[in-house]
file my_file-v6.csv (CSV, C-alpha atoms and all ligand atoms)
chain,number,residue,atom,x,y,z
Y,17,MET,CA,12.3,-17.1,-8.0
Y,18,ARG,CA,14.7,-14.2,-7.5
Y,19,VAL,CA,12.6,-11.2,-6.7
Y,20,LEU,CA,13.4,-7.5,-6.4
Y,21,VAL,CA,11.2,-5.6,-4.0
Y,22,THR,CA,11.4,-1.9,-4.5
Y,23,GLY,CA,10.4,0.0,-1.3
Y,24,GLY,CA,11.3,-3.3,0.5
Y,25,ALA,CA,12.1,-1.5,3.8
Y,26,GLY,CA,8.7,0.1,3.9
Y,27,PHE,CA,5.6,-1.2,5.7
Y,28,LEU,CA,4.2,-3.4,2.9
Y,29,GLY,CA,7.5,-4.0,1.2
Y,30,SER,CA,9.1,-5.5,4.3
Y,31,HIS,CA,6.1,-7.8,4.8
Y,32,LEU,CA,6.4,-8.9,1.2
Y,33,CYS,CA,10.1,-9.7,1.8
Y,34,ASP,CA,9.2,-11.9,4.7
Y,35,TYR,CA,6.5,-13.6,2.8
Y,36,LEU,CA,8.7,-14.4,-0.2
Y,37,LEU,CA,11.6,-15.6,2.0
Y,38,LYS,CA,9.2,-18.0,3.8
Y,39,ARG,CA,8.3,-19.4,0.4
Y,40,ASP,CA,12.0,-20.1,-0.3
Y,41,HIS,CA,12.4,-17.3,-2.9
Y,42,GLU,CA,15.5,-15.1,-3.0
Y,43,VAL,CA,14.8,-11.5,-2.3
Y,44,VAL,CA,16.7,-8.3,-3.3
Y,45,CYS,CA,15.3,-5.4,-1.3
Y,46,MET,CA,15.8,-1.9,-2.6
Y,47,ASP,CA,14.9,1.3,-0.8
Y,48,ASN,CA,16.3,4.8,-0.5
Y,49,LEU,CA,14.9,4.9,3.1
Y,50,ILE,CA,13.1,8.2,2.7
Y,51,THR,CA,9.9,6.7,4.2
Y,52,GLY,CA,11.2,3.2,4.6
Y,53,ASN,CA,13.0,2.1,7.8
Y,54,ILE,CA,16.0,-0.3,8.0
Y,55,ASP,CA,14.5,-1.6,11.3
Y,56,ASN,CA,11.7,-3.3,9.3
Y,57,ILE,CA,14.2,-5.6,7.6
Y,58,SER,CA,17.0,-5.8,10.2
Y,59,HIS,CA,15.8,-9.3,11.3
Y,60,LEU,CA,16.6,-10.5,7.8
Y,61,SER,CA,20.3,-9.6,7.9
Y,62,GLY,CA,22.3,-12.8,7.8
Y,63,ASN,CA,19.7,-14.6,5.7
Y,64,GLU,CA,21.7,-15.8,2.7
Y,65,ARG,CA,18.7,-15.5,0.4
Y,66,PHE,CA,18.2,-11.8,1.3
Y,67,SER,CA,20.2,-8.7,0.3
Y,68,PHE,CA,19.6,-5.0,0.7
Y,69,ILE,CA,20.6,-2.3,-1.7
Y,70,LYS,CA,20.2,1.4,-0.7
Y,71,HIS,CA,19.1,3.0,-4.0
Y,72,ASP,CA,16.7,5.6,-5.3
Y,73,VAL,CA,14.7,3.8,-8.0
Y,74,THR,CA,14.2,7.0,-9.9
Y,75,GLU,CA,17.9,6.6,-10.9
Y,76,TYR,CA,19.0,3.9,-13.3
Y,77,ILE,CA,18.8,0.5,-11.6
Y,78,PHE,CA,21.8,-1.8,-12.2
Y,79,LEU,CA,21.3,-5.3,-10.9
Y,80,PRO,CA,23.6,-8.1,-11.9
Y,81,GLY,CA,22.3,-11.7,-12.3
Y,82,LYS,CA,19.0,-13.2,-13.2
Y,83,LEU,CA,15.7,-11.8,-12.0
Y,84,ASP,CA,12.3,-13.4,-12.2
Y,85,ALA,CA,10.0,-10.8,-10.7
Y,86,ILE,CA,9.9,-7.2,-9.6
Y,87,LEU,CA,7.4,-6.0,-6.9
Y,88,HIS,CA,7.4,-2.2,-7.4
Y,89,PHE,CA,6.3,-0.9,-4.0
Y,90,ALA,CA,8.6,2.2,-3.7
Y,91,SER,CA,6.5,5.3,-2.9
Y,92,PRO,CA,5.5,7.5,-0.1
Y,93,ALA,CA,2.0,6.2,0.7
Y,94,SER,CA,0.4,8.4,3.3
Y,95,PRO,CA,-1.4,11.7,2.6
Y,96,VAL,CA,0.9,13.5,5.0
Y,97,ASP,CA,4.0,12.1,3.3
Y,98,TYR,CA,3.0,13.0,-0.1
Y,99,LEU,CA,2.2,16.5,1.0
Y,100,GLU,CA,5.7,16.8,2.4
Y,101,LEU,CA,7.3,15.0,-0.5
Y,102,PRO,CA,5.3,16.0,-3.5
Y,103,ILE,CA,8.1,15.9,-6.1
Y,104,GLN,CA,9.6,12.6,-4.8
Y,105,THR,CA,6.1,11.1,-4.9
Y,106,LEU,CA,5.6,12.2,-8.5
Y,107,LYS,CA,9.1,11.0,-9.5
Y,108,VAL,CA,8.9,7.6,-7.9
Y,109,GLY,CA,5.5,6.9,-9.5
Y,110,SER,CA,6.6,8.1,-12.9
Y,111,LEU,CA,10.4,7.8,-13.4
Y,112,GLY,CA,10.7,5.1,-10.8
Y,113,THR,CA,8.1,2.9,-12.5
Y,114,HIS,CA,9.8,3.6,-15.9
Y,115,LYS,CA,13.2,2.4,-14.4
Y,116,ALA,CA,11.6,-0.7,-12.8
Y,117,LEU,CA,9.8,-1.6,-16.1
Y,118,GLY,CA,13.1,-1.1,-18.0
Y,119,LEU,CA,14.8,-3.5,-15.7
Y,120,ALA,CA,11.9,-6.0,-16.1
Y,121,LYS,CA,12.2,-5.8,-19.9
Y,122,GLU,CA,16.0,-6.3,-19.7
Y,123,LYS,CA,15.8,-9.3,-17.4
Y,124,GLY,CA,12.6,-10.9,-18.8
Y,125,ALA,CA,11.1,-10.5,-15.4
Y,126,ARG,CA,7.4,-10.1,-14.5
Y,127,LEU,CA,6.6,-6.8,-12.8
Y,128,LEU,CA,3.8,-6.2,-10.3
Y,129,LEU,CA,3.0,-2.6,-9.8
Y,130,ALA,CA,1.6,-1.4,-6.4
Y,131,SER,CA,-1.2,0.9,-7.5
Y,132,THR,CA,-3.9,2.2,-5.3
Y,133,SER,CA,-7.5,2.9,-4.6
Y,134,GLU,CA,-6.5,6.6,-5.0
Y,135,VAL,CA,-6.7,6.1,-8.8
Y,136,TYR,CA,-10.4,6.3,-8.2
Y,137,GLY,CA,-10.0,9.7,-6.5
Y,138,ASP,CA,-13.1,10.8,-4.7
Y,139,PRO,CA,-15.3,8.1,-6.2
Y,140,GLU,CA,-18.7,8.7,-7.7
Y,141,ILE,CA,-19.6,5.0,-7.8
Y,142,HIS,CA,-19.6,2.8,-4.8
Y,143,PRO,CA,-18.2,0.3,-4.1
Y,144,GLN,CA,-15.4,0.7,-6.6
Y,145,THR,CA,-14.9,-1.8,-9.4
Y,146,GLU,CA,-11.9,-2.0,-11.6
Y,147,ASP,CA,-13.7,-0.7,-14.6
Y,148,TYR,CA,-14.4,2.7,-13.0
Y,149,TRP,CA,-12.1,5.4,-14.3
Y,150,GLY,CA,-12.1,7.6,-11.3
Y,151,ASN,CA,-12.7,11.2,-10.2
Y,152,VAL,CA,-9.3,12.7,-9.6
Y,153,ASN,CA,-8.3,16.3,-9.1
Y,154,PRO,CA,-5.0,16.5,-11.0
Y,155,ILE,CA,-3.9,19.8,-9.4
Y,156,GLY,CA,-5.0,19.2,-5.8
Y,157,PRO,CA,-2.5,18.3,-3.0
Y,158,ARG,CA,-3.3,14.5,-3.4
Y,159,GLY,CA,-2.9,14.8,-7.2
Y,160,VAL,CA,0.8,14.1,-6.8
Y,161,TYR,CA,0.1,10.6,-5.6
Y,162,ASP,CA,-3.0,9.9,-7.6
Y,163,GLU,CA,-1.7,11.1,-10.9
Y,164,ALA,CA,1.7,9.4,-10.4
Y,165,LYS,CA,0.0,6.1,-9.8
Y,166,ARG,CA,-2.3,6.6,-12.8
Y,167,PHE,CA,0.7,7.4,-14.9
Y,168,ALA,CA,2.4,4.3,-13.5
Y,169,GLU,CA,-0.6,2.1,-14.5
Y,170,ALA,CA,-0.5,3.7,-18.0
Y,171,MET,CA,3.3,3.1,-18.3
Y,172,THR,CA,2.9,-0.5,-17.1
Y,173,MET,CA,0.2,-1.3,-19.6
Y,174,ALA,CA,2.3,0.4,-22.4
Y,175,TYR,CA,5.3,-1.8,-21.5
Y,176,HIS,CA,3.0,-4.8,-21.5
Y,177,ARG,CA,1.4,-4.0,-24.8
Y,178,TYR,CA,4.4,-2.6,-26.7
Y,179,HIS,CA,7.3,-4.6,-25.2
Y,180,GLY,CA,5.4,-7.7,-24.1
Y,181,VAL,CA,6.6,-7.4,-20.5
Y,182,GLU,CA,4.5,-9.6,-18.2
Y,183,THR,CA,2.8,-7.2,-15.8
Y,184,ARG,CA,0.4,-7.2,-13.0
Y,185,ILE,CA,-1.3,-4.2,-11.3
Y,186,VAL,CA,-2.7,-4.4,-7.8
Y,187,ARG,CA,-5.0,-1.5,-6.6
Y,188,ILE,CA,-4.4,-1.5,-2.9
Y,189,PHE,CA,-7.1,-0.2,-0.6
Y,190,ASN,CA,-6.4,1.0,3.0
Y,191,THR,CA,-4.1,-1.5,4.7
Y,192,TYR,CA,-2.8,-1.5,8.3
Y,193,GLY,CA,-0.6,-3.6,10.6
Y,194,PRO,CA,2.7,-3.7,12.4
Y,195,ARG,CA,5.6,-1.6,10.9
Y,196,MET,CA,3.4,1.3,9.9
Y,197,ARG,CA,5.3,4.4,11.0
Y,198,LEU,CA,3.9,5.8,14.2
Y,199,ASN,CA,4.0,9.3,12.7
Y,200,ASP,CA,3.1,8.6,9.1
Y,201,GLY,CA,-0.1,10.5,9.6
Y,202,ARG,CA,-2.6,7.9,8.4
Y,203,VAL,CA,-5.7,7.2,10.4
Y,204,VAL,CA,-4.6,3.8,11.9
Y,205,PRO,CA,-1.2,4.9,13.4
Y,206,ASN,CA,-2.7,8.3,14.4
Y,207,PHE,CA,-5.7,6.9,16.3
Y,208,ILE,CA,-3.8,4.1,17.9
Y,209,SER,CA,-0.9,6.3,19.1
Y,210,GLN,CA,-3.4,9.0,20.3
Y,211,ALA,CA,-5.4,6.3,22.2
Y,212,LEU,CA,-2.4,4.7,23.8
Y,213,SER,CA,-0.9,8.0,25.0
Y,214,GLY,CA,-4.3,9.4,26.2
Y,215,LYS,CA,-4.2,12.3,23.7
Y,216,PRO,CA,-7.4,13.4,21.9
Y,217,ILE,CA,-8.3,11.4,18.9
Y,218,THR,CA,-8.3,13.7,15.8
Y,219,VAL,CA,-11.3,12.9,13.6
Y,220,TYR,CA,-11.0,14.9,10.4
Y,221,GLY,CA,-14.3,16.5,9.3
Y,222,ASP,CA,-17.5,15.1,10.8
Y,223,GLY,CA,-16.1,11.5,10.6
Y,224,THR,CA,-18.9,10.3,8.2
Y,225,GLN,CA,-16.3,9.6,5.5
Y,226,THR,CA,-15.8,5.8,5.1
Y,227,ARG,CA,-12.8,3.5,4.6
Y,228,SER,CA,-12.4,-0.3,4.7
Y,229,PHE,CA,-9.3,-1.6,6.4
Y,230,CYS,CA,-7.3,-4.7,5.3
Y,231,TYR,CA,-4.8,-6.4,7.6
Y,232,CYS,CA,-1.4,-6.6,6.0
Y,233,SER,CA,-1.1,-10.4,6.0
Y,234,ASP,CA,-4.3,-10.7,4.0
Y,235,LEU,CA,-3.0,-8.1,1.6
Y,236,VAL,CA,0.4,-9.7,1.0
Y,237,ASP,CA,-1.3,-13.1,0.4
Y,238,GLY,CA,-3.5,-11.4,-2.3
Y,239,ILE,CA,-0.5,-9.8,-3.9
Y,240,TYR,CA,1.4,-13.1,-4.1
Y,241,ARG,CA,-1.7,-14.8,-5.7
Y,242,LEU,CA,-1.9,-12.0,-8.2
Y,243,LEU,CA,1.8,-12.1,-9.0
Y,244,THR,CA,1.6,-15.9,-9.7
Y,245,SER,CA,-1.7,-15.6,-11.6
Y,246,GLU,CA,-2.3,-14.9,-15.3
Y,247,VAL,CA,-4.4,-11.8,-14.5
Y,248,ASP,CA,-2.8,-8.8,-16.3
Y,249,THR,CA,-5.4,-6.2,-15.8
Y,250,PRO,CA,-5.8,-4.1,-12.6
Y,251,THR,CA,-7.2,-5.9,-9.6
Y,252,ASN,CA,-8.5,-4.5,-6.4
Y,253,ILE,CA,-7.1,-6.0,-3.2
Y,254,GLY,CA,-8.6,-4.8,0.1
Y,255,ASN,CA,-11.2,-5.6,2.7
Y,256,PRO,CA,-14.8,-4.8,1.7
Y,257,THR,CA,-16.0,-4.2,5.3
Y,258,GLU,CA,-16.7,-0.5,5.4
Y,259,PHE,CA,-16.6,1.8,8.5
Y,260,SER,CA,-17.1,5.5,9.0
Y,261,ILE,CA,-14.1,7.2,10.5
Y,262,MET,CA,-16.2,8.0,13.5
Y,263,GLU,CA,-17.0,4.3,14.0
Y,264,PHE,CA,-13.4,3.4,13.5
Y,265,ALA,CA,-12.4,6.0,16.2
Y,266,ARG,CA,-14.8,4.4,18.7
Y,267,LYS,CA,-13.5,0.9,17.8
Y,268,VAL,CA,-9.9,2.0,18.6
Y,269,ILE,CA,-11.1,3.5,21.9
Y,270,GLU,CA,-12.9,0.2,22.8
Y,271,ILE,CA,-10.0,-2.1,21.9
Y,272,THR,CA,-7.4,0.1,23.6
Y,273,GLY,CA,-9.6,0.8,26.6
Y,274,SER,CA,-8.4,4.4,26.3
Y,275,GLY,CA,-10.0,7.4,28.0
Y,276,SER,CA,-9.1,9.7,25.0
Y,277,GLU,CA,-11.8,12.1,23.9
Y,278,LEU,CA,-12.7,12.6,20.3
Y,279,ILE,CA,-12.0,16.0,18.7
Y,280,HIS,CA,-12.7,17.2,15.2
Y,281,GLU,CA,-10.1,18.8,12.9
Y,282,ASP,CA,-10.4,20.1,9.3
Y,283,LEU,CA,-11.0,17.6,6.6
Y,284,PRO,CA,-7.9,17.4,4.3
Y,285,VAL,CA,-8.5,18.8,0.7
Y,286,ASP,CA,-10.1,16.2,-1.6
Y,287,ASP,CA,-10.4,13.6,1.1
Y,288,PRO,CA,-12.5,10.8,-0.5
Y,289,LYS,CA,-16.0,10.6,1.1
Y,290,VAL,CA,-16.4,6.9,0.6
Y,291,ARG,CA,-14.1,4.0,-0.2
Y,292,ARG,CA,-14.8,0.3,-0.4
Y,293,PRO,CA,-13.4,-2.2,-2.9
Y,294,ASN,CA,-15.5,-4.5,-4.9
Y,295,ILE,CA,-13.3,-7.6,-4.7
Y,296,GLY,CA,-15.4,-9.8,-7.0
Y,297,LYS,CA,-12.6,-10.0,-9.5
Y,298,ALA,CA,-10.0,-11.1,-6.9
Y,299,ARG,CA,-12.5,-13.6,-5.4
Y,300,GLU,CA,-13.2,-15.2,-8.8
Y,301,LEU,CA,-9.9,-15.1,-10.5
Y,302,LEU,CA,-7.5,-15.4,-7.5
Y,303,GLY,CA,-9.7,-17.4,-5.1
Y,304,TRP,CA,-8.7,-14.6,-2.6
Y,305,GLU,CA,-10.6,-12.9,0.1
Y,306,PRO,CA,-9.5,-11.3,3.4
Y,307,LYS,CA,-9.6,-13.5,6.6
Y,308,ILE,CA,-8.6,-11.1,9.4
Y,309,GLU,CA,-11.5,-9.1,11.0
Y,310,LEU,CA,-10.8,-5.6,12.2
Y,311,ASP,CA,-10.9,-6.5,15.9
Y,312,GLU,CA,-8.3,-9.2,15.4
Y,313,GLY,CA,-6.1,-7.1,13.1
Y,314,LEU,CA,-6.2,-4.1,15.5
Y,315,LYS,CA,-5.1,-6.3,18.4
Y,316,LYS,CA,-2.1,-7.5,16.5
Y,317,THR,CA,-1.3,-4.0,15.4
Y,318,LEU,CA,-1.7,-2.7,19.0
Y,319,GLU,CA,1.0,-5.1,20.3
Y,320,TYR,CA,3.4,-3.5,17.9
Y,321,PHE,CA,2.5,0.1,18.7
Y,322,ARG,CA,2.4,-0.4,22.5
Y,323,SER,CA,6.1,-0.9,22.7
Y,324,ARG,CA,6.8,2.2,20.6
Y,325,VAL,CA,4.4,4.8,22.1
Y,326,SER,CA,5.9,6.6,25.1
Q,1,LIG,N1,-8.3,10.8,9.3
Q,1,LIG,C1,-8.8,11.3,10.5
Q,1,LIG,N2,-7.9,11.5,11.5
Q,1,LIG,C2,-6.6,11.3,11.4
Q,1,LIG,C3,-6.1,10.8,10.2
Q,1,LIG,C4,-6.9,10.5,9.2
Q,1,LIG,O1,-10.0,11.4,10.6
Q,1,LIG,O2,-5.9,11.6,12.4
Q,1,LIG,C5,-9.2,10.4,8.2
Q,1,LIG,C6,-8.9,11.0,6.9
Q,1,LIG,O3,-9.4,12.3,6.7
Q,1,LIG,C7,-9.5,10.0,5.9
Q,1,LIG,C8,-9.4,8.7,6.7
Q,1,LIG,O4,-9.2,9.0,8.0
Q,1,LIG,O5,-10.9,10.4,5.7
Q,1,LIG,C9,-8.3,7.8,6.2
Q,1,LIG,O6,-7.1,8.6,6.1
Q,1,LIG,P1,-5.7,8.1,5.8
Q,1,LIG,O7,-4.7,9.2,6.0
Q,1,LIG,O8,-5.4,6.9,6.6
Q,1,LIG,O9,-5.7,7.6,4.3
Q,1,LIG,P2,-6.6,7.8,3.0
Q,1,LIG,O10,-7.6,6.7,3.1
Q,1,LIG,O11,-7.3,9.2,3.1
Q,1,LIG,O12,-5.7,7.7,1.9
call {"tool": "encode", "arguments": {"input": "my_file-v6.csv", "output": "structure tokens", "more": "lines below"}}
Ligand code: UDP
result
Amino acid sequence: MRVLVTGGAGFLGSHLCDYLLKRDHEVVCMDNLITGNIDNISHLSGNERFSFIKHDVTEYIFLPGKLDAILHFASPASPVDYLELPIQTLKVGSLGTHKALGLAKEKGARLLLASTSEVYGDPEIHPQTEDYWGNVNPIGPRGVYDEAKRFAEAMTMAYHRYHGVETRIVRIFNTYGPRMRLNDGRVVPNFISQALSGKPITVYGDGTQTRSFCYCSDLVDGIYRLLTSEVDTPTNIGNPTEFSIMEFARKVIEITGSGSELIHEDLPVDDPKVRRPNIGKARELLGWEPKIELDEGLKKTLEYFRSRVS
């Protein structure tokens, strides 16, 4: 396949580029480098099946040649990023998804949308199944991401139903691993860099809120299975093992052997209280489930962060 990865220089996008190239596909990576980083793909330069185009996907996408699939991963993805980039976040989820779908229609390509557990907002059912419609505050600071992704899902289904475009929607739960930005503000890079530099670990609120963390290689494997499946309705991909943020902070201290103390800071507005995917659908229809336990994934992530924290 010849595959376009939007947001291909980002954390997940770049792992997808690697995964596709290993499976002998041709990859066109597109990124405007707002939150992506060229270092994430620099090891691919010189690979004749790989090319990079610096482009903002909210602008018309012109791409000569055939195209079999589009993985639409362009978006700021951390709460801190979308607080700083609210308009870009809304634009890439809405206008960017429209442009990517237009290209898919033009080329007869299959499009996989990177959606998110944030479409469930601060969920009232637990764990979250795909048939839950969510509890989202449209005008809160997180609304720029949540609503953009909800719009993106609606737009994707409209192109599927009205234009017959082959589409896939993955709802991605918290994911971590090498190539996350040290300063992206999410809990994994924050806690690891704080632990490695001996700074206090900042637990927001009382730390009883929960998340479940999926290692990036598991996630990418699930996405590829979804892309190549016939499942055209939204599918959760994530790790169902749930931790409170307090437990997670202690785990990071244990694995790093850090002497950092835990401190509490204000909980961000609309921070979801619980989050855990029900992955029954992915298990049944994709034969997928995560393999990497948190300890193992954190150790791999730590190797990456160690060389970067001063
Ligand atoms: N969090 C925290 N300390 C930090 C960063 C995040 O306690 O330094 C909490 C945050 O309030 C949330 C959870 O960790 O409850 C996960 O936050 P993240 O930003 O990684 O992503 P989210 O799951 O909220 O989208």
call {"tool": "residues_near_ligand", "arguments": {"input": "my_file-v6.csv", "ligand": "ligand LIG 1 (chain Q)", "cutoff": "7 Å", "atoms": "only C-alpha atoms and all ligand atoms", "output": "PyMOL selection string"}}
result
chain Y and resi 94-95+190+201-204+206-207+217-221+223+225-227+261+283-284+287-289
call {"tool": "atom_distance", "arguments": {"input": "my_file-v6.csv", "atom1": "atom CA of Ile77 of chain Y", "atom2": "atom CA of Ala116 of chain Y"}}
result
7.4 Å
call {"tool": "atom_distance", "arguments": {"input": "my_file-v6.csv", "atom1": "atom CA of Leu32 of chain Y", "atom2": "atom CA of Asp311 of chain Y"}}
result
22.8 Å
call {"tool": "atom_distance", "arguments": {"input": "my_file-v6.csv", "atom1": "atom CA of Ala90 of chain Y", "atom2": "atom CA of Thr22 of chain Y"}}
result
5.0 Å
call {"tool": "closest_residue", "arguments": {"input": "my_file-v6.csv", "among": "Y:Pro157, Y:Pro256, Y:Gly118, Y:Gly109", "to": "Gly180 of chain Y", "atoms": "only C-alpha atoms"}}
result
Y:Gly118
call {"tool": "residues_around", "arguments": {"input": "my_file-v6.csv", "residues": "Arg39 of chain Y", "least_positions_apart": "3", "cutoff": "12 Å", "atoms": "only C-alpha atoms", "output": "VMD selection string"}}
result
chain Y and resid 17 to 19 32 to 36 42 to 43 65 237 240
call {"tool": "closest_residue", "arguments": {"input": "my_file-v6.csv", "among": "Y:Val268, Y:Val73, Y:Ile253, Y:Ile54", "to": "Gly303 of chain Y", "atoms": "all atoms listed in the file"}}
result
Y:Ile253
call {"tool": "closest_residue", "arguments": {"input": "my_file-v6.csv", "among": "Y:Ser91, Y:Asn294, Y:Ser276, Y:Ser213", "to": "His142 of chain Y", "atoms": "only C-alpha atoms"}}
result
Y:Asn294
call {"tool": "closest_residue", "arguments": {"input": "my_file-v6.csv", "among": "Y:Pro80, Y:Pro154, Y:Gly112, Y:Gly26", "to": "Ser58 of chain Y", "atoms": "all atoms listed in the file"}}
result
Y:Gly26
call {"tool": "closest_residue", "arguments": {"input": "my_file-v6.csv", "among": "Y:Leu37, Y:Ala174, Y:Leu101, Y:Ala211", "to": "Thr272 of chain Y", "atoms": "only C-alpha atoms"}}
result
Y:Ala211
call {"tool": "closest_atom_pairs", "arguments": {"input": "my_file-v6.csv", "of": "segment 34-106 of chain Y", "to": "segment 127-139 of chain Y", "cutoff": "6 Å", "atoms": "all atoms listed in the file", "output": "tab-separated table"}}
result
residue	atom	partner	partner_atom	distance
Y:Ala85	CA	Y:Leu127	CA	5.7
Y:Ile86	CA	Y:Leu127	CA	4.6
Y:Leu87	CA	Y:Leu128	CA	5.0
Y:His88	CA	Y:Leu129	CA	5.0
Y:Phe89	CA	Y:Ala130	CA	5.3
call {"tool": "closest_residue", "arguments": {"input": "my_file-v6.csv", "among": "Y:Leu302, Y:Thr105, Y:Lys123, Y:Thr172", "to": "Arg241 of chain Y", "atoms": "all atoms listed in the file"}}
result
Y:Leu302
call {"tool": "residues_around", "arguments": {"input": "my_file-v6.csv", "residues": "Leu117 of chain Y", "least_positions_apart": "2", "cutoff": "8 Å", "atoms": "only C-alpha atoms", "output": "number ranges by chain"}}
result
Y: 113-115, 119-121, 127, 172, 175, 181
